[in-house]
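What follows is the content of query-v4.txt, which has compact mmCIF, C-alpha atoms:
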```
# COMPACT_ATOMS: atom_id res chain seq x y z
CA MET N 1 72.01 117.26 36.48
CA GLU N 2 69.55 117.78 39.34
CA THR N 3 70.93 114.70 41.12
CA THR N 4 74.49 116.07 40.93
CA LEU N 5 73.45 119.47 42.28
CA HIS N 6 71.50 117.78 45.05
CA SER N 7 74.48 115.67 46.10
CA ARG N 8 76.70 118.79 46.17
CA GLU N 9 74.21 120.60 48.37
CA ILE N 10 74.16 117.63 50.76
CA ARG N 11 77.93 117.69 51.03
CA LYS N 12 77.99 121.44 51.65
CA ASP N 13 75.32 121.31 54.30
CA ASN N 14 76.71 118.24 56.06
CA PRO N 15 79.05 119.41 58.85
CA THR N 16 80.02 115.83 59.74
CA LEU N 17 81.27 115.17 56.22
CA ARG N 18 83.24 118.41 56.18
CA ARG N 19 84.78 117.52 59.51
CA ILE N 20 85.80 114.07 58.27
CA LEU N 21 87.36 115.51 55.11
CA ARG N 22 89.24 118.07 57.19
CA VAL N 23 90.61 115.34 59.45
CA ILE N 24 91.73 113.30 56.45
CA VAL N 25 93.51 116.32 54.96
CA TRP N 26 95.26 117.04 58.27
CA ILE N 27 96.38 113.41 58.58
CA LEU N 28 97.83 113.47 55.07
CA LEU N 29 99.64 116.76 55.70
CA ILE N 30 101.09 115.52 59.00
CA ALA N 31 102.25 112.29 57.35
CA LEU N 32 103.87 114.25 54.52
CA ALA N 33 105.60 116.59 56.98
CA ALA N 34 106.87 113.65 59.04
CA PHE N 35 108.20 111.95 55.90
CA THR N 36 109.98 115.16 54.90
CA LEU N 37 111.60 115.51 58.34
CA ILE N 38 112.95 111.94 58.45
CA PRO N 39 116.44 112.91 57.12
CA PHE N 40 116.62 115.73 59.66
CA PHE N 41 115.72 113.38 62.52
CA TRP N 42 118.30 110.89 61.29
CA MET N 43 120.93 113.66 61.30
CA ILE N 44 120.10 114.59 64.90
CA SER N 45 120.16 110.95 65.99
CA SER N 46 123.47 110.25 64.22
CA SER N 47 125.11 113.32 65.74
CA LEU N 48 124.54 111.86 69.22
CA LYS N 49 125.93 108.40 68.50
CA LEU N 50 129.33 106.77 68.15
CA ASP N 51 130.58 106.29 64.61
CA ARG N 52 129.97 102.53 64.65
CA GLU N 53 126.34 103.10 65.67
CA VAL N 54 125.44 105.42 62.78
CA PHE N 55 124.92 102.67 60.18
CA ALA N 56 124.06 99.88 62.60
CA PHE N 57 121.26 97.56 61.49
CA PRO N 58 118.51 97.57 62.55
CA MET N 59 118.65 101.33 62.83
CA ARG N 60 118.09 102.78 66.27
CA TRP N 61 116.45 106.21 66.15
CA ILE N 62 117.08 106.96 69.82
CA PRO N 63 120.68 106.25 70.89
CA GLU N 64 121.24 104.09 73.93
CA THR N 65 123.73 106.69 75.19
CA PHE N 66 123.67 110.32 74.15
CA HIS N 67 127.23 111.40 73.25
CA TRP N 68 127.02 115.17 73.69
CA ASP N 69 130.81 115.38 73.53
CA ASN N 70 130.51 115.04 69.74
CA TYR N 71 129.49 118.70 69.68
CA VAL N 72 132.60 119.57 71.67
CA GLN N 73 135.00 117.67 69.43
CA ILE N 74 133.93 119.37 66.19
CA TRP N 75 135.02 122.78 67.53
CA GLN N 76 138.41 121.37 68.54
CA LYS N 77 139.33 119.42 65.41
CA VAL N 78 138.94 122.36 62.97
CA PRO N 79 138.63 126.15 63.50
CA LEU N 80 134.86 125.93 63.12
CA LEU N 81 134.30 129.05 65.20
CA THR N 82 136.36 131.10 62.72
CA TYR N 83 134.34 129.69 59.84
CA PHE N 84 131.10 130.62 61.58
CA LYS N 85 132.31 134.16 62.30
CA ASN N 86 133.33 134.71 58.68
CA THR N 87 130.07 133.32 57.33
CA ALA N 88 127.97 135.32 59.78
CA PHE N 89 129.81 138.53 58.89
CA ILE N 90 129.36 137.98 55.15
CA ALA N 91 125.73 136.89 55.46
CA ILE N 92 124.69 139.79 57.70
CA VAL N 93 126.42 142.49 55.65
CA VAL N 94 125.25 141.07 52.31
CA THR N 95 121.69 140.73 53.58
CA PHE N 96 121.68 144.34 54.77
CA MET N 97 123.22 145.65 51.55
CA GLN N 98 120.92 143.66 49.28
CA THR N 99 117.85 144.78 51.20
CA LEU N 100 118.99 148.41 51.07
CA THR N 101 120.01 148.51 47.41
CA SER N 102 117.08 146.40 46.21
CA SER N 103 114.50 148.51 48.02
CA PHE N 104 116.08 151.73 46.71
CA ALA N 105 116.13 150.55 43.10
CA ALA N 106 112.68 148.97 43.37
CA TYR N 107 111.19 152.26 44.58
CA ALA N 108 112.65 154.07 41.58
CA PHE N 109 111.37 151.46 39.13
CA ALA N 110 107.92 151.29 40.74
CA LYS N 111 107.06 154.88 41.76
CA LEU N 112 109.30 157.26 39.79
CA ASN N 113 108.76 158.22 36.17
CA PHE N 114 111.91 158.73 34.13
CA ARG N 115 112.93 158.12 30.58
CA GLY N 116 113.83 154.52 29.74
CA ARG N 117 112.63 153.19 33.10
CA ASP N 118 110.92 150.06 31.81
CA THR N 119 113.71 149.29 29.33
CA LEU N 120 116.37 149.63 32.02
CA PHE N 121 114.34 147.41 34.35
CA LEU N 122 113.95 144.69 31.72
CA CYS N 123 117.67 144.79 30.94
CA TYR N 124 118.54 144.52 34.63
CA ILE N 125 116.11 141.69 35.28
CA GLY N 126 117.37 139.94 32.15
CA THR N 127 120.72 139.40 33.89
CA ILE N 128 119.01 136.73 36.00
CA ALA N 129 118.97 134.50 32.92
CA VAL N 130 122.74 134.82 32.43
CA PRO N 131 124.53 131.84 34.04
CA TRP N 132 127.15 132.67 36.64
CA GLN N 133 129.76 130.63 34.73
CA ALA N 134 129.52 133.13 31.83
CA TYR N 135 130.94 136.03 33.84
CA MET N 136 132.82 134.13 36.54
CA LEU N 137 136.27 134.76 35.03
CA PRO N 138 135.83 138.53 34.37
CA GLN N 139 134.45 138.85 37.88
CA PHE N 140 137.50 137.09 39.31
CA ILE N 141 139.89 139.33 37.35
CA MET N 142 138.03 142.42 38.54
CA MET N 143 138.22 141.39 42.20
CA ARG N 144 141.91 140.59 41.92
CA SER N 145 142.68 143.93 40.24
CA MET N 146 140.82 145.73 43.03
CA GLY N 147 142.96 143.98 45.65
CA LEU N 148 139.97 142.18 47.17
CA TYR N 149 141.05 138.64 46.34
CA ASP N 150 141.20 136.40 49.42
CA THR N 151 139.27 138.90 51.54
CA LEU N 152 135.77 138.72 52.93
CA TRP N 153 134.97 142.00 51.18
CA ALA N 154 135.20 140.28 47.82
CA MET N 155 132.15 138.19 48.69
CA ILE N 156 130.33 141.25 50.04
CA VAL N 157 130.98 143.43 46.98
CA LEU N 158 129.91 140.68 44.58
CA GLN N 159 126.64 139.94 46.38
CA SER N 160 125.50 143.38 47.53
CA PHE N 161 123.27 143.86 44.49
CA SER N 162 120.53 141.52 43.38
CA ALA N 163 118.28 141.65 40.32
CA PHE N 164 115.95 139.17 42.00
CA GLY N 165 115.69 141.40 45.05
CA VAL N 166 114.82 144.41 42.89
CA PHE N 167 112.17 142.41 41.07
CA LEU N 168 110.66 141.13 44.33
CA MET N 169 110.51 144.55 45.99
CA ARG N 170 109.22 146.28 42.84
CA GLN N 171 106.34 143.83 42.55
CA PHE N 172 105.34 144.61 46.12
CA TYR N 173 105.78 148.38 45.76
CA ARG N 174 103.47 148.36 42.76
CA SER N 175 100.68 147.04 44.99
CA ILE N 176 100.96 150.14 47.22
CA PRO N 177 98.67 152.95 45.99
CA THR N 178 100.58 155.66 44.15
CA GLU N 179 98.22 158.23 45.67
CA LEU N 180 100.07 157.84 48.99
CA CYS N 181 103.32 158.95 47.35
CA GLU N 182 101.64 161.83 45.55
CA ALA N 183 100.01 163.06 48.75
CA ALA N 184 103.37 162.87 50.53
CA ARG N 185 105.02 164.91 47.75
CA LEU N 186 102.33 167.57 48.09
CA ASP N 187 103.11 167.72 51.80
CA GLY N 188 106.74 168.44 50.98
CA LEU N 189 108.22 165.03 51.71
CA SER N 190 111.29 164.13 49.66
CA GLU N 191 111.64 160.88 47.73
CA TYR N 192 113.97 159.54 50.42
CA GLY N 193 111.38 160.45 53.03
CA ILE N 194 108.61 158.70 51.09
CA TRP N 195 110.78 155.61 50.82
CA ALA N 196 111.69 155.61 54.52
CA ARG N 197 108.39 156.69 56.07
CA ILE N 198 105.81 155.16 53.75
CA MET N 199 107.21 152.39 51.57
CA LEU N 200 109.39 150.57 54.09
CA PRO N 201 106.80 150.37 56.92
CA LEU N 202 104.25 148.99 54.44
CA SER N 203 106.60 146.38 52.98
CA LYS N 204 107.60 144.30 56.00
CA ALA N 205 106.42 141.09 54.31
CA ALA N 206 108.51 141.72 51.19
CA ILE N 207 111.56 142.72 53.23
CA ALA N 208 111.27 139.59 55.39
CA THR N 209 111.01 137.43 52.28
CA LEU N 210 114.07 139.05 50.74
CA VAL N 211 116.03 138.78 54.01
CA ILE N 212 115.30 135.05 54.28
CA PHE N 213 116.24 134.29 50.67
CA THR N 214 119.40 136.41 50.82
CA PHE N 215 120.61 135.14 54.18
CA VAL N 216 120.01 131.48 53.30
CA ASN N 217 121.68 131.76 49.88
CA THR N 218 124.68 133.63 51.30
CA TRP N 219 125.08 131.27 54.25
CA ASN N 220 124.91 128.18 52.01
CA ASP N 221 127.13 129.60 49.26
CA TYR N 222 129.99 127.24 48.48
CA MET N 223 131.42 128.07 45.04
CA GLY N 224 132.03 131.77 45.74
CA PRO N 225 134.10 131.30 48.93
CA MET N 226 135.82 128.30 47.34
CA ILE N 227 137.09 130.50 44.47
CA TYR N 228 137.84 133.79 46.22
CA LEU N 229 138.96 132.71 49.71
CA THR N 230 142.16 130.68 50.00
CA ARG N 231 143.55 131.31 53.48
CA ASP N 232 142.10 129.16 56.23
CA MET N 233 141.38 132.20 58.39
CA ASN N 234 138.99 133.53 55.69
CA LYS N 235 137.08 130.36 54.86
CA THR N 236 133.33 130.10 55.43
CA VAL N 237 131.39 127.35 57.14
CA GLN N 238 130.44 125.52 53.92
CA VAL N 239 134.04 125.35 52.75
CA GLY N 240 135.07 124.46 56.30
CA LEU N 241 132.59 121.58 56.36
CA ARG N 242 134.07 120.27 53.14
CA ARG N 243 137.52 120.38 54.66
CA PHE N 244 136.18 118.67 57.77
CA ILE N 245 134.67 115.88 55.64
CA GLN N 246 137.95 115.41 53.76
CA GLN N 247 139.94 115.08 56.98
CA TYR N 248 137.44 113.00 58.97
CA SER N 249 135.53 111.19 56.22
CA SER N 250 134.96 108.13 58.40
CA ASP N 251 133.66 110.04 61.44
CA TYR N 252 130.07 110.32 60.30
CA HIS N 253 128.81 111.18 63.77
CA LEU N 254 131.04 114.26 63.86
CA ILE N 255 130.09 115.21 60.29
CA MET N 256 126.41 115.07 61.25
CA ALA N 257 127.06 117.18 64.36
CA ALA N 258 128.93 119.84 62.36
CA SER N 259 126.27 119.88 59.64
CA LEU N 260 123.56 120.28 62.24
CA CYS N 261 125.35 123.24 63.79
CA SER N 262 125.57 124.91 60.37
CA LEU N 263 121.77 124.69 60.05
CA VAL N 264 121.04 126.50 63.31
CA PRO N 265 121.53 130.14 62.14
CA VAL N 266 119.42 129.59 59.01
CA SER N 267 116.66 127.97 61.06
CA VAL N 268 116.68 130.81 63.59
CA VAL N 269 116.38 133.46 60.88
CA PHE N 270 113.53 131.64 59.19
CA LEU N 271 111.61 131.04 62.43
CA CYS N 272 111.96 134.68 63.46
CA LEU N 273 110.64 135.94 60.12
CA GLN N 274 108.23 133.11 59.38
CA ARG N 275 105.08 135.14 59.97
CA TYR N 276 106.14 137.90 57.59
CA PHE N 277 107.40 135.34 55.06
CA ILE N 278 103.98 133.66 54.93
CA GLU N 279 102.37 137.04 54.38
CA GLY N 280 104.87 137.83 51.64
CA SER N 281 104.24 134.54 49.83
CA GLY N 282 101.12 136.12 48.37
CA LEU N 283 102.86 139.10 46.74
CA LYS N 284 101.00 140.44 43.75
CA GLY N 285 102.43 142.09 40.70
```
Is it possible to give me this structure as structure tokens?
Amino acid sequence: METTLHSREIRKDNPTLRRILRVIVWILLIALAAFTLIPFFWMISSSLKLDREVFAFPMRWIPETFHWDNYVQIWQKVPLLTYFKNTAFIAIVVTFMQTLTSSFAAYAFAKLNFRGRDTLFLCYIGTIAVPWQAYMLPQFIMMRSMGLYDTLWAMIVLQSFSAFGVFLMRQFYRSIPTELCEAARLDGLSEYGIWARIMLPLSKAAIATLVIFTFVNTWNDYMGPMIYLTRDMNKTVQVGLRRFIQQYSSDYHLIMAASLCSLVPVSVVFLCLQRYFIEGSGLKG
């Protein structure tokens, strides 16, 4: 027992050993990150090659000639710009609406006392466990009866409310001292004022986390636009990419270029909110 304790003390007090272990950990993490990014690097490399060079063996990571015109052709072969505009409109509006509605509902569930609050919250959160296929048909009939079928507003109405978003924001709001809200009420601030002036400024991490999840899920949604949007002028980028693959299934270099372009908005949003997202990853309930 004494020998084990002694060896632990030596390791704790040995800065050289700690430095070596830290270097080993960093090397392993860098190797794991590089391995994870290999498909992404292959996509970038393939998007700058000719089609016959994509699957050439041995594989050449850096093309002999960079064919930047691949990124010009993809915008000419299909109305990719229209797809991007539609997807950006849906993603931005849905992200705003989900953040607004989720934060409103989360504040009520976290800081307001009313009859049946916890029961209503459990029932609402329980809808997460219901598979989308179970209510897909009633949802479709409802959108068609409202005259929203084959419109971008159908996707916005269906995705403007999120049980997951309410759960996420409520868990964060519960970590904010209730005394702040009570003091604000004594000062005459309304519930809307408390939400806007106290809760929102203190919940940037949770909001950033919700924005990232919502934007990414909406941007990458395929089944929803595939069901509700039929006209080509209303299609989103994921459905447009599928059409592009069907028409140009042998042009892998163009497929890689189009796929890479579809990743840019998601990457930009994540990089802009990365700092807040890391802070929000430690949300406590």
Check: From the set N:Ile74, N:Leu186, N:Val130, N:Ile194, which residue has the shortest atom-to-atom contact distance to Ile245 (chain N), counting only C-alpha atoms?
Finding: N:Ile74
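Coordinates place CA of Ile90 (chain N) at a distance of 28.3 Å from CA of Pro39 (chain N).
Each of N:Val72, N:Ile20, N:Ala56, N:Cys272 was compared to Leu254 (chain N) using only C-alpha atoms, and N:Val72 turns out to be the nearest.
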Check: Hey, can you pull every residue with an atom no more than 12 Å from (137.6, 135.4, 53.9), using only C-alpha atoms, and send it as JSON, numbers by chain?
Finding: {"N": [82, 83, 84, 85, 86, 87, 88, 89, 90, 148, 149, 150, 151, 152, 153, 154, 155, 156, 224, 225, 226, 227, 228, 229, 230, 231, 232, 233, 234, 235, 236, 237, 239, 240]}
Margin query: To one decimal place in Å, what is the distance between CA of Asn70 (chain N) and CA of Phe57 (chain N)?
Written below: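 Here the two named atoms are 21.4 Å from each other.
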Next item on the list: Measure the distance from CA of Gly193 (chain N) to CA of Ser175 (chain N) in Å and round it to one decimal.
Entry: 18.9 Å
Will you model N, CA, C and O atoms for region 77-99 of chain N and pass it back as a PDB file, in the frame of the given file?
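Written out: part_4.pdb:
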```pdb
ATOM      1  N   LYS N  77     138.602 120.054  66.508  1.00  0.00           N
ATOM      2  CA  LYS N  77     139.330 119.420  65.410  1.00  0.00           C
ATOM      3  C   LYS N  77     139.642 120.396  64.276  1.00  0.00           C
ATOM      4  O   LYS N  77     140.676 120.278  63.609  1.00  0.00           O
ATOM      5  N   VAL N  78     138.726 121.344  63.996  1.00  0.00           N
ATOM      6  CA  VAL N  78     138.940 122.360  62.970  1.00  0.00           C
ATOM      7  C   VAL N  78     138.509 123.708  63.539  1.00  0.00           C
ATOM      8  O   VAL N  78     137.700 123.754  64.481  1.00  0.00           O
ATOM      9  N   PRO N  79     139.035 124.823  62.999  1.00  0.00           N
ATOM     10  CA  PRO N  79     138.630 126.150  63.500  1.00  0.00           C
ATOM     11  C   PRO N  79     137.210 126.513  63.062  1.00  0.00           C
ATOM     12  O   PRO N  79     136.993 127.453  62.292  1.00  0.00           O
ATOM     13  N   LEU N  80     136.244 125.744  63.550  1.00  0.00           N
ATOM     14  CA  LEU N  80     134.860 125.930  63.120  1.00  0.00           C
ATOM     15  C   LEU N  80     134.305 127.272  63.565  1.00  0.00           C
ATOM     16  O   LEU N  80     133.477 127.870  62.870  1.00  0.00           O
ATOM     17  N   LEU N  81     134.767 127.753  64.717  1.00  0.00           N
ATOM     18  CA  LEU N  81     134.300 129.050  65.200  1.00  0.00           C
ATOM     19  C   LEU N  81     134.696 130.169  64.238  1.00  0.00           C
ATOM     20  O   LEU N  81     133.906 131.089  63.979  1.00  0.00           O
ATOM     21  N   THR N  82     135.914 130.097  63.699  1.00  0.00           N
ATOM     22  CA  THR N  82     136.360 131.100  62.720  1.00  0.00           C
ATOM     23  C   THR N  82     135.510 131.042  61.464  1.00  0.00           C
ATOM     24  O   THR N  82     135.128 132.079  60.911  1.00  0.00           O
ATOM     25  N   TYR N  83     135.197 129.839  61.022  1.00  0.00           N
ATOM     26  CA  TYR N  83     134.340 129.690  59.840  1.00  0.00           C
ATOM     27  C   TYR N  83     132.960 130.301  60.078  1.00  0.00           C
ATOM     28  O   TYR N  83     132.402 130.963  59.195  1.00  0.00           O
ATOM     29  N   PHE N  84     132.417 130.078  61.258  1.00  0.00           N
ATOM     30  CA  PHE N  84     131.100 130.620  61.580  1.00  0.00           C
ATOM     31  C   PHE N  84     131.139 132.143  61.640  1.00  0.00           C
ATOM     32  O   PHE N  84     130.214 132.812  61.171  1.00  0.00           O
ATOM     33  N   LYS N  85     132.191 132.695  62.225  1.00  0.00           N
ATOM     34  CA  LYS N  85     132.310 134.160  62.300  1.00  0.00           C
ATOM     35  C   LYS N  85     132.390 134.773  60.905  1.00  0.00           C
ATOM     36  O   LYS N  85     131.717 135.769  60.622  1.00  0.00           O
ATOM     37  N   ASN N  86     133.203 134.183  60.041  1.00  0.00           N
ATOM     38  CA  ASN N  86     133.330 134.710  58.680  1.00  0.00           C
ATOM     39  C   ASN N  86     132.010 134.629  57.928  1.00  0.00           C
ATOM     40  O   ASN N  86     131.603 135.589  57.260  1.00  0.00           O
ATOM     41  N   THR N  87     131.343 133.495  58.036  1.00  0.00           N
ATOM     42  CA  THR N  87     130.070 133.320  57.330  1.00  0.00           C
ATOM     43  C   THR N  87     129.009 134.263  57.874  1.00  0.00           C
ATOM     44  O   THR N  87     128.235 134.842  57.100  1.00  0.00           O
ATOM     45  N   ALA N  88     128.959 134.421  59.186  1.00  0.00           N
ATOM     46  CA  ALA N  88     127.970 135.320  59.780  1.00  0.00           C
ATOM     47  C   ALA N  88     128.219 136.758  59.351  1.00  0.00           C
ATOM     48  O   ALA N  88     127.273 137.493  59.032  1.00  0.00           O
ATOM     49  N   PHE N  89     129.485 137.171  59.317  1.00  0.00           N
ATOM     50  CA  PHE N  89     129.810 138.530  58.890  1.00  0.00           C
ATOM     51  C   PHE N  89     129.379 138.770  57.443  1.00  0.00           C
ATOM     52  O   PHE N  89     128.735 139.782  57.127  1.00  0.00           O
ATOM     53  N   ILE N  90     129.730 137.835  56.567  1.00  0.00           N
ATOM     54  CA  ILE N  90     129.360 137.980  55.150  1.00  0.00           C
ATOM     55  C   ILE N  90     127.850 137.972  54.984  1.00  0.00           C
ATOM     56  O   ILE N  90     127.277 138.811  54.277  1.00  0.00           O
ATOM     57  N   ALA N  91     127.176 137.033  55.634  1.00  0.00           N
ATOM     58  CA  ALA N  91     125.730 136.890  55.460  1.00  0.00           C
ATOM     59  C   ALA N  91     124.977 138.112  55.973  1.00  0.00           C
ATOM     60  O   ALA N  91     124.034 138.586  55.331  1.00  0.00           O
ATOM     61  N   ILE N  92     125.377 138.639  57.121  1.00  0.00           N
ATOM     62  CA  ILE N  92     124.690 139.790  57.700  1.00  0.00           C
ATOM     63  C   ILE N  92     124.895 141.038  56.841  1.00  0.00           C
ATOM     64  O   ILE N  92     123.943 141.770  56.536  1.00  0.00           O
ATOM     65  N   VAL N  93     126.135 141.289  56.450  1.00  0.00           N
ATOM     66  CA  VAL N  93     126.420 142.490  55.650  1.00  0.00           C
ATOM     67  C   VAL N  93     125.764 142.391  54.271  1.00  0.00           C
ATOM     68  O   VAL N  93     125.158 143.361  53.784  1.00  0.00           O
ATOM     69  N   VAL N  94     125.857 141.238  53.630  1.00  0.00           N
ATOM     70  CA  VAL N  94     125.250 141.070  52.310  1.00  0.00           C
ATOM     71  C   VAL N  94     123.737 141.197  52.393  1.00  0.00           C
ATOM     72  O   VAL N  94     123.109 141.827  51.532  1.00  0.00           O
ATOM     73  N   THR N  95     123.135 140.624  53.417  1.00  0.00           N
ATOM     74  CA  THR N  95     121.690 140.730  53.580  1.00  0.00           C
ATOM     75  C   THR N  95     121.255 142.178  53.755  1.00  0.00           C
ATOM     76  O   THR N  95     120.275 142.636  53.148  1.00  0.00           O
ATOM     77  N   PHE N  96     121.992 142.913  54.582  1.00  0.00           N
ATOM     78  CA  PHE N  96     121.680 144.340  54.770  1.00  0.00           C
ATOM     79  C   PHE N  96     121.851 145.114  53.478  1.00  0.00           C
ATOM     80  O   PHE N  96     120.974 145.917  53.103  1.00  0.00           O
ATOM     81  N   MET N  97     122.954 144.898  52.777  1.00  0.00           N
ATOM     82  CA  MET N  97     123.220 145.650  51.550  1.00  0.00           C
ATOM     83  C   MET N  97     122.215 145.312  50.459  1.00  0.00           C
ATOM     84  O   MET N  97     121.733 146.204  49.752  1.00  0.00           O
ATOM     85  N   GLN N  98     121.896 144.044  50.300  1.00  0.00           N
ATOM     86  CA  GLN N  98     120.920 143.660  49.280  1.00  0.00           C
ATOM     87  C   GLN N  98     119.542 144.235  49.578  1.00  0.00           C
ATOM     88  O   GLN N  98     118.853 144.709  48.672  1.00  0.00           O
ATOM     89  N   THR N  99     119.145 144.217  50.837  1.00  0.00           N
ATOM     90  CA  THR N  99     117.850 144.780  51.200  1.00  0.00           C
ATOM     91  C   THR N  99     117.816 146.279  50.941  1.00  0.00           C
ATOM     92  O   THR N  99     116.831 146.823  50.430  1.00  0.00           O
TER      93      THR N  99
END
```
